[in-house]
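File shown: start.cif. Contents: mmCIF, N, CA and C atoms.
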data_run
#
loop_
_atom_site.group_PDB
_atom_site.id
_atom_site.type_symbol
_atom_site.label_atom_id
_atom_site.label_comp_id
_atom_site.auth_asym_id
_atom_site.auth_seq_id
_atom_site.Cartn_x
_atom_site.Cartn_y
_atom_site.Cartn_z
ATOM 1 N N MET A 1 14.990 -10.668 3.654
ATOM 2 C CA MET A 1 14.613 -9.334 3.233
ATOM 3 C C MET A 1 13.424 -8.875 4.074
ATOM 4 N N SER A 2 13.494 -7.659 4.571
ATOM 5 C CA SER A 2 12.422 -7.136 5.397
ATOM 6 C C SER A 2 11.315 -6.550 4.521
ATOM 7 N N HIS A 3 10.153 -6.404 5.122
ATOM 8 C CA HIS A 3 9.020 -5.822 4.418
ATOM 9 C C HIS A 3 9.274 -4.337 4.166
ATOM 10 N N THR A 4 8.983 -3.894 2.971
ATOM 11 C CA THR A 4 9.138 -2.481 2.637
ATOM 12 C C THR A 4 7.835 -1.754 2.946
ATOM 13 N N PRO A 5 7.832 -0.806 3.888
ATOM 14 C CA PRO A 5 6.613 -0.068 4.177
ATOM 15 C C PRO A 5 6.209 0.855 3.034
ATOM 16 N N HIS A 6 4.982 1.253 3.024
ATOM 17 C CA HIS A 6 4.424 2.216 2.064
ATOM 18 C C HIS A 6 4.220 1.660 0.660
ATOM 19 N N GLU A 7 4.128 0.346 0.530
ATOM 20 C CA GLU A 7 3.766 -0.208 -0.769
ATOM 21 C C GLU A 7 2.323 0.196 -1.048
ATOM 22 N N LEU A 8 1.970 0.387 -2.316
ATOM 23 C CA LEU A 8 0.620 0.822 -2.656
ATOM 24 C C LEU A 8 -0.443 -0.135 -2.115
ATOM 25 N N ALA A 9 -0.203 -1.424 -2.218
ATOM 26 C CA ALA A 9 -1.180 -2.402 -1.737
ATOM 27 C C ALA A 9 -1.359 -2.313 -0.221
ATOM 28 N N ASP A 10 -0.332 -1.911 0.495
ATOM 29 C CA ASP A 10 -0.434 -1.739 1.945
ATOM 30 C C ASP A 10 -1.165 -0.445 2.291
ATOM 31 N N ASP A 11 -0.869 0.602 1.544
ATOM 32 C CA ASP A 11 -1.482 1.901 1.814
ATOM 33 C C ASP A 11 -2.940 1.961 1.360
ATOM 34 N N PHE A 12 -3.279 1.200 0.331
ATOM 35 C CA PHE A 12 -4.644 1.193 -0.200
ATOM 36 C C PHE A 12 -5.165 -0.241 -0.313
ATOM 37 N N PRO A 13 -5.267 -0.963 0.804
ATOM 38 C CA PRO A 13 -5.665 -2.377 0.729
ATOM 39 C C PRO A 13 -7.054 -2.575 0.121
ATOM 40 N N GLN A 14 -7.919 -1.596 0.270
ATOM 41 C CA GLN A 14 -9.255 -1.693 -0.288
ATOM 42 C C GLN A 14 -9.249 -1.550 -1.812
ATOM 43 N N ASP A 15 -8.140 -1.114 -2.372
ATOM 44 C CA ASP A 15 -8.048 -0.847 -3.813
ATOM 45 C C ASP A 15 -7.098 -1.786 -4.547
ATOM 46 N N ILE A 16 -6.748 -2.912 -3.953
ATOM 47 C CA ILE A 16 -5.773 -3.810 -4.586
ATOM 48 C C ILE A 16 -6.211 -4.233 -5.987
ATOM 49 N N ASP A 17 -7.474 -4.630 -6.125
ATOM 50 C CA ASP A 17 -7.956 -5.044 -7.454
ATOM 51 C C ASP A 17 -7.952 -3.880 -8.430
ATOM 52 N N ARG A 18 -8.316 -2.721 -7.959
ATOM 53 C CA ARG A 18 -8.338 -1.513 -8.813
ATOM 54 C C ARG A 18 -6.906 -1.148 -9.234
ATOM 55 N N ILE A 19 -5.964 -1.276 -8.329
ATOM 56 C CA ILE A 19 -4.557 -0.997 -8.657
ATOM 57 C C ILE A 19 -4.105 -1.923 -9.778
ATOM 58 N N ARG A 20 -4.407 -3.203 -9.646
ATOM 59 C CA ARG A 20 -4.037 -4.157 -10.705
ATOM 60 C C ARG A 20 -4.683 -3.795 -12.033
ATOM 61 N N GLU A 21 -5.981 -3.465 -11.988
ATOM 62 C CA GLU A 21 -6.701 -3.089 -13.206
ATOM 63 C C GLU A 21 -6.091 -1.840 -13.840
ATOM 64 N N MET A 22 -5.824 -0.837 -13.023
ATOM 65 C CA MET A 22 -5.269 0.417 -13.546
ATOM 66 C C MET A 22 -3.856 0.212 -14.107
ATOM 67 N N ARG A 23 -3.070 -0.635 -13.483
ATOM 68 C CA ARG A 23 -1.729 -0.930 -14.017
ATOM 69 C C ARG A 23 -1.836 -1.556 -15.404
ATOM 70 N N ARG A 24 -2.866 -2.383 -15.581
ATOM 71 C CA ARG A 24 -3.057 -3.087 -16.840
ATOM 72 C C ARG A 24 -3.653 -2.189 -17.923
ATOM 73 N N THR A 25 -4.542 -1.274 -17.544
ATOM 74 C CA THR A 25 -5.304 -0.527 -18.538
ATOM 75 C C THR A 25 -4.853 0.916 -18.738
ATOM 76 N N SER A 26 -4.042 1.441 -17.850
ATOM 77 C CA SER A 26 -3.629 2.837 -17.952
ATOM 78 C C SER A 26 -2.107 2.950 -17.936
ATOM 79 N N PRO A 27 -1.514 3.201 -19.095
ATOM 80 C CA PRO A 27 -0.056 3.362 -19.130
ATOM 81 C C PRO A 27 0.431 4.490 -18.215
ATOM 82 N N HIS A 28 -0.344 5.558 -18.114
ATOM 83 C CA HIS A 28 0.052 6.675 -17.259
ATOM 84 C C HIS A 28 0.062 6.243 -15.792
ATOM 85 N N PHE A 29 -0.998 5.562 -15.355
ATOM 86 C CA PHE A 29 -1.053 5.063 -13.986
ATOM 87 C C PHE A 29 0.114 4.113 -13.732
ATOM 88 N N ALA A 30 0.356 3.201 -14.667
ATOM 89 C CA ALA A 30 1.438 2.227 -14.504
ATOM 90 C C ALA A 30 2.788 2.927 -14.372
ATOM 91 N N LYS A 31 3.002 3.978 -15.171
ATOM 92 C CA LYS A 31 4.268 4.722 -15.102
ATOM 93 C C LYS A 31 4.421 5.399 -13.738
ATOM 94 N N LEU A 32 3.352 6.042 -13.263
ATOM 95 C CA LEU A 32 3.399 6.691 -11.951
ATOM 96 C C LEU A 32 3.603 5.661 -10.839
ATOM 97 N N ALA A 33 2.905 4.531 -10.938
ATOM 98 C CA ALA A 33 3.035 3.482 -9.916
ATOM 99 C C ALA A 33 4.449 2.904 -9.907
ATOM 100 N N ASP A 34 5.029 2.718 -11.077
ATOM 101 C CA ASP A 34 6.405 2.218 -11.152
ATOM 102 C C ASP A 34 7.380 3.212 -10.515
ATOM 103 N N ARG A 35 7.197 4.497 -10.795
ATOM 104 C CA ARG A 35 8.065 5.522 -10.212
ATOM 105 C C ARG A 35 7.888 5.557 -8.689
ATOM 106 N N TYR A 36 6.626 5.463 -8.234
ATOM 107 C CA TYR A 36 6.353 5.432 -6.798
ATOM 108 C C TYR A 36 7.089 4.256 -6.158
ATOM 109 N N HIS A 37 6.968 3.094 -6.768
ATOM 110 C CA HIS A 37 7.603 1.881 -6.248
ATOM 111 C C HIS A 37 9.128 2.064 -6.182
ATOM 112 N N GLU A 38 9.695 2.614 -7.242
ATOM 113 C CA GLU A 38 11.148 2.836 -7.299
ATOM 114 C C GLU A 38 11.600 3.781 -6.174
ATOM 115 N N ILE A 39 10.903 4.888 -6.011
ATOM 116 C CA ILE A 39 11.257 5.857 -4.969
ATOM 117 C C ILE A 39 11.054 5.253 -3.589
ATOM 118 N N ASN A 40 9.951 4.534 -3.424
ATOM 119 C CA ASN A 40 9.668 3.926 -2.125
ATOM 120 C C ASN A 40 10.770 2.953 -1.726
ATOM 121 N N ARG A 41 11.217 2.142 -2.654
ATOM 122 C CA ARG A 41 12.304 1.193 -2.355
ATOM 123 C C ARG A 41 13.601 1.937 -2.020
ATOM 124 N N THR A 42 13.869 3.010 -2.728
ATOM 125 C CA THR A 42 15.067 3.810 -2.446
ATOM 126 C C THR A 42 15.002 4.402 -1.046
ATOM 127 N N ILE A 43 13.847 4.956 -0.683
ATOM 128 C CA ILE A 43 13.678 5.529 0.654
ATOM 129 C C ILE A 43 13.854 4.444 1.722
ATOM 130 N N HIS A 44 13.301 3.280 1.467
ATOM 131 C CA HIS A 44 13.448 2.177 2.423
ATOM 132 C C HIS A 44 14.930 1.824 2.617
ATOM 133 N N ARG A 45 15.683 1.765 1.519
ATOM 134 C CA ARG A 45 17.118 1.464 1.629
ATOM 135 C C ARG A 45 17.846 2.571 2.396
ATOM 136 N N MET A 46 17.407 3.812 2.230
ATOM 137 C CA MET A 46 18.014 4.914 2.986
ATOM 138 C C MET A 46 17.701 4.771 4.476
ATOM 139 N N GLU A 47 16.447 4.444 4.786
ATOM 140 C CA GLU A 47 16.040 4.285 6.187
ATOM 141 C C GLU A 47 16.794 3.152 6.868
ATOM 142 N N GLU A 48 17.073 2.116 6.120
ATOM 143 C CA GLU A 48 17.797 0.970 6.665
ATOM 144 C C GLU A 48 19.314 1.188 6.633
ATOM 145 N N ARG A 49 19.733 2.339 6.169
ATOM 146 C CA ARG A 49 21.154 2.717 6.059
ATOM 147 C C ARG A 49 21.927 1.813 5.106
ATOM 148 N N ILE A 50 21.196 1.215 4.172
ATOM 149 C CA ILE A 50 21.839 0.423 3.122
ATOM 150 C C ILE A 50 22.447 1.370 2.095
ATOM 151 N N GLU A 51 21.722 2.458 1.815
ATOM 152 C CA GLU A 51 22.178 3.480 0.868
ATOM 153 C C GLU A 51 21.959 4.854 1.488
ATOM 154 N N PRO A 52 22.794 5.248 2.437
ATOM 155 C CA PRO A 52 22.618 6.564 3.043
ATOM 156 C C PRO A 52 22.854 7.685 2.030
ATOM 157 N N VAL A 53 22.078 8.756 2.170
ATOM 158 C CA VAL A 53 22.201 9.914 1.289
ATOM 159 C C VAL A 53 22.086 11.189 2.120
ATOM 160 N N ALA A 54 22.317 12.311 1.484
ATOM 161 C CA ALA A 54 22.189 13.601 2.155
ATOM 162 C C ALA A 54 20.730 13.852 2.526
ATOM 163 N N ASP A 55 20.529 14.585 3.617
ATOM 164 C CA ASP A 55 19.179 14.899 4.079
ATOM 165 C C ASP A 55 18.352 15.574 2.989
ATOM 166 N N LYS A 56 18.975 16.458 2.232
ATOM 167 C CA LYS A 56 18.283 17.178 1.161
ATOM 168 C C LYS A 56 17.738 16.201 0.111
ATOM 169 N N THR A 57 18.522 15.208 -0.230
ATOM 170 C CA THR A 57 18.108 14.198 -1.207
ATOM 171 C C THR A 57 16.960 13.378 -0.658
ATOM 172 N N GLU A 58 17.081 12.959 0.588
ATOM 173 C CA GLU A 58 16.016 12.164 1.206
ATOM 174 C C GLU A 58 14.715 12.962 1.267
ATOM 175 N N PHE A 59 14.794 14.223 1.635
ATOM 176 C CA PHE A 59 13.608 15.074 1.701
ATOM 177 C C PHE A 59 12.945 15.178 0.329
ATOM 178 N N ALA A 60 13.746 15.386 -0.706
ATOM 179 C CA ALA A 60 13.206 15.515 -2.065
ATOM 180 C C ALA A 60 12.511 14.226 -2.507
ATOM 181 N N LEU A 61 13.109 13.092 -2.188
ATOM 182 C CA LEU A 61 12.493 11.811 -2.557
ATOM 183 C C LEU A 61 11.205 11.574 -1.782
ATOM 184 N N ARG A 62 11.193 11.913 -0.512
ATOM 185 C CA ARG A 62 9.972 11.750 0.283
ATOM 186 C C ARG A 62 8.854 12.648 -0.261
ATOM 187 N N ARG A 63 9.208 13.847 -0.649
ATOM 188 C CA ARG A 63 8.210 14.766 -1.203
ATOM 189 C C ARG A 63 7.665 14.226 -2.522
ATOM 190 N N GLU A 64 8.543 13.735 -3.389
ATOM 191 C CA GLU A 64 8.091 13.180 -4.663
ATOM 192 C C GLU A 64 7.187 11.965 -4.426
ATOM 193 N N ARG A 65 7.558 11.101 -3.478
ATOM 194 C CA ARG A 65 6.729 9.934 -3.163
ATOM 195 C C ARG A 65 5.339 10.376 -2.718
ATOM 196 N N MET A 66 5.275 11.385 -1.872
ATOM 197 C CA MET A 66 3.997 11.877 -1.377
ATOM 198 C C MET A 66 3.133 12.420 -2.526
ATOM 199 N N MET A 67 3.753 13.174 -3.423
ATOM 200 C CA MET A 67 3.013 13.731 -4.558
ATOM 201 C C MET A 67 2.510 12.621 -5.484
ATOM 202 N N LEU A 68 3.347 11.625 -5.733
ATOM 203 C CA LEU A 68 2.919 10.495 -6.562
ATOM 204 C C LEU A 68 1.774 9.735 -5.906
ATOM 205 N N LYS A 69 1.878 9.520 -4.612
ATOM 206 C CA LYS A 69 0.828 8.802 -3.891
ATOM 207 C C LYS A 69 -0.495 9.555 -4.011
ATOM 208 N N ASP A 70 -0.460 10.868 -3.874
ATOM 209 C CA ASP A 70 -1.672 11.671 -4.019
ATOM 210 C C ASP A 70 -2.259 11.535 -5.424
ATOM 211 N N GLN A 71 -1.408 11.565 -6.436
ATOM 212 C CA GLN A 71 -1.877 11.427 -7.819
ATOM 213 C C GLN A 71 -2.491 10.050 -8.052
ATOM 214 N N LEU A 72 -1.812 9.025 -7.564
ATOM 215 C CA LEU A 72 -2.314 7.662 -7.732
ATOM 216 C C LEU A 72 -3.633 7.481 -7.007
ATOM 217 N N TYR A 73 -3.742 8.001 -5.805
ATOM 218 C CA TYR A 73 -4.986 7.908 -5.046
ATOM 219 C C TYR A 73 -6.126 8.566 -5.820
ATOM 220 N N ALA A 74 -5.887 9.747 -6.352
ATOM 221 C CA ALA A 74 -6.920 10.451 -7.114
ATOM 222 C C ALA A 74 -7.355 9.634 -8.332
ATOM 223 N N MET A 75 -6.403 9.000 -8.983
ATOM 224 C CA MET A 75 -6.727 8.191 -10.165
ATOM 225 C C MET A 75 -7.516 6.938 -9.794
ATOM 226 N N LEU A 76 -7.368 6.456 -8.589
ATOM 227 C CA LEU A 76 -8.083 5.258 -8.148
ATOM 228 C C LEU A 76 -9.543 5.539 -7.790
ATOM 229 N N GLN A 77 -9.877 6.805 -7.607
ATOM 230 C CA GLN A 77 -11.223 7.142 -7.183
ATOM 231 C C GLN A 77 -12.225 6.937 -8.313
ATOM 232 N N PRO A 78 -13.406 6.393 -7.983
ATOM 233 C CA PRO A 78 -14.444 6.230 -9.006
ATOM 234 C C PRO A 78 -14.763 7.573 -9.654
ATOM 235 N N GLY A 79 -14.900 7.539 -10.964
ATOM 236 C CA GLY A 79 -15.232 8.751 -11.696
ATOM 237 C C GLY A 79 -14.064 9.667 -11.977
ATOM 238 N N SER A 80 -12.833 9.219 -11.679
ATOM 239 C CA SER A 80 -11.689 10.082 -11.974
ATOM 240 C C SER A 80 -11.601 10.302 -13.482
ATOM 241 N N PHE A 81 -11.161 11.459 -13.890
ATOM 242 C CA PHE A 81 -11.132 11.857 -15.302
ATOM 243 C C PHE A 81 -10.309 10.918 -16.142
ATOM 244 N N ASN A 82 -10.938 10.319 -17.115
ATOM 245 C CA ASN A 82 -10.254 9.539 -18.168
ATOM 246 C C ASN A 82 -9.241 8.562 -17.579
ATOM 247 N N ARG A 83 -9.684 7.792 -16.624
ATOM 248 C CA ARG A 83 -8.802 6.901 -15.867
ATOM 249 C C ARG A 83 -7.996 5.940 -16.738
ATOM 250 N N THR A 84 -8.603 5.422 -17.770
ATOM 251 C CA THR A 84 -7.957 4.314 -18.478
ATOM 252 C C THR A 84 -7.074 4.753 -19.632
ATOM 253 N N THR A 85 -7.056 6.035 -19.962
ATOM 254 C CA THR A 85 -6.236 6.437 -21.113
ATOM 255 C C THR A 85 -5.036 7.268 -20.734
ATOM 256 N N HIS A 86 -4.896 7.677 -19.481
ATOM 257 C CA HIS A 86 -3.729 8.469 -19.076
ATOM 258 C C HIS A 86 -2.736 7.623 -18.348
#
Would you give me this structure, written as structure tokens?
Amino acid sequence: MSHTPHELADDFPQDIDRIREMRRTSPHFAKLADRYHEINRTIHRMEERIEPVADKTEFALRRERMMLKDQLYAMLQPGSFNRTTH
């Protein structure tokens, strides 16, 4: 199995411990991270032509991944609003 690019730990290596903490303490963060992971794996399978899809579908998934990544990044920042309860 090849390495899947764009994993959260790869994109935010400085925040690996924080990612683990947030997954454990914030159900909202964990839900977003799980969705990000699911979409990222799907995109990887599309890129590898394991599961080819229409361009429109791929674009929509890439956009959703980008939006999730932005949300997760914001939640990882010190002082983010109510980090542990959302």
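Shortest atom-to-atom contact with A:Met22 among A:Phe59, A:Met75, A:Val53, A:Ser80: A:Met75, counting all atoms listed in the file.
Using only C-alpha atoms, the contacts of stretch 30-37 of chain A at a cut-off of 8 Å, with sequence neighbours closer than 4 positions omitted, comprise A:Glu7, A:Leu8, A:Met22, A:Arg23, A:Arg24, A:Ser26, A:Arg41, A:Arg65, A:Leu68, A:Lys69, A:Leu72.
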> Near A:Arg63, within 12 Å and counting only C-alpha atoms, which residues show up once chain neighbours fewer than 6 positions away are dropped, as a PyMOL selection string?
Replying inline: chain A and resi 36+39-40+43+56-57+69-70
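From atom CA of A:Ala74 back to atom N of A:Ile19, the distance works out to 11.8 Å.
Of the residues listed (A:Glu21, A:Glu64, A:Glu58, A:Asp11), A:Glu58 shows the shortest atom-to-atom separation from A:Met46; distances use only C-alpha atoms.
Atom CA of A:Met67 is positioned 14.8 Å from atom CA of A:His28.
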> Would you give me, as a PyMOL selection string, the residues in chain A that DSSP reads as alpha helix (DSSP H)?
Replying inline: chain A and resi 8-11+16-25+27-47+55-76
How big is the axis-aligned box around the listed atoms of stretch 53-67 of chain A once 8 Å is added on each side, and where is its centre? Give both in Å to one decimal, as JSON.
{"center_x": 12.4, "center_y": 13.0, "center_z": -0.7, "size_x": 35.8, "size_y": 24.4, "size_z": 25.6}
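Pairwise distance (atom CA of A:Glu38, atom CA of A:Arg62) equals 11.8 Å.
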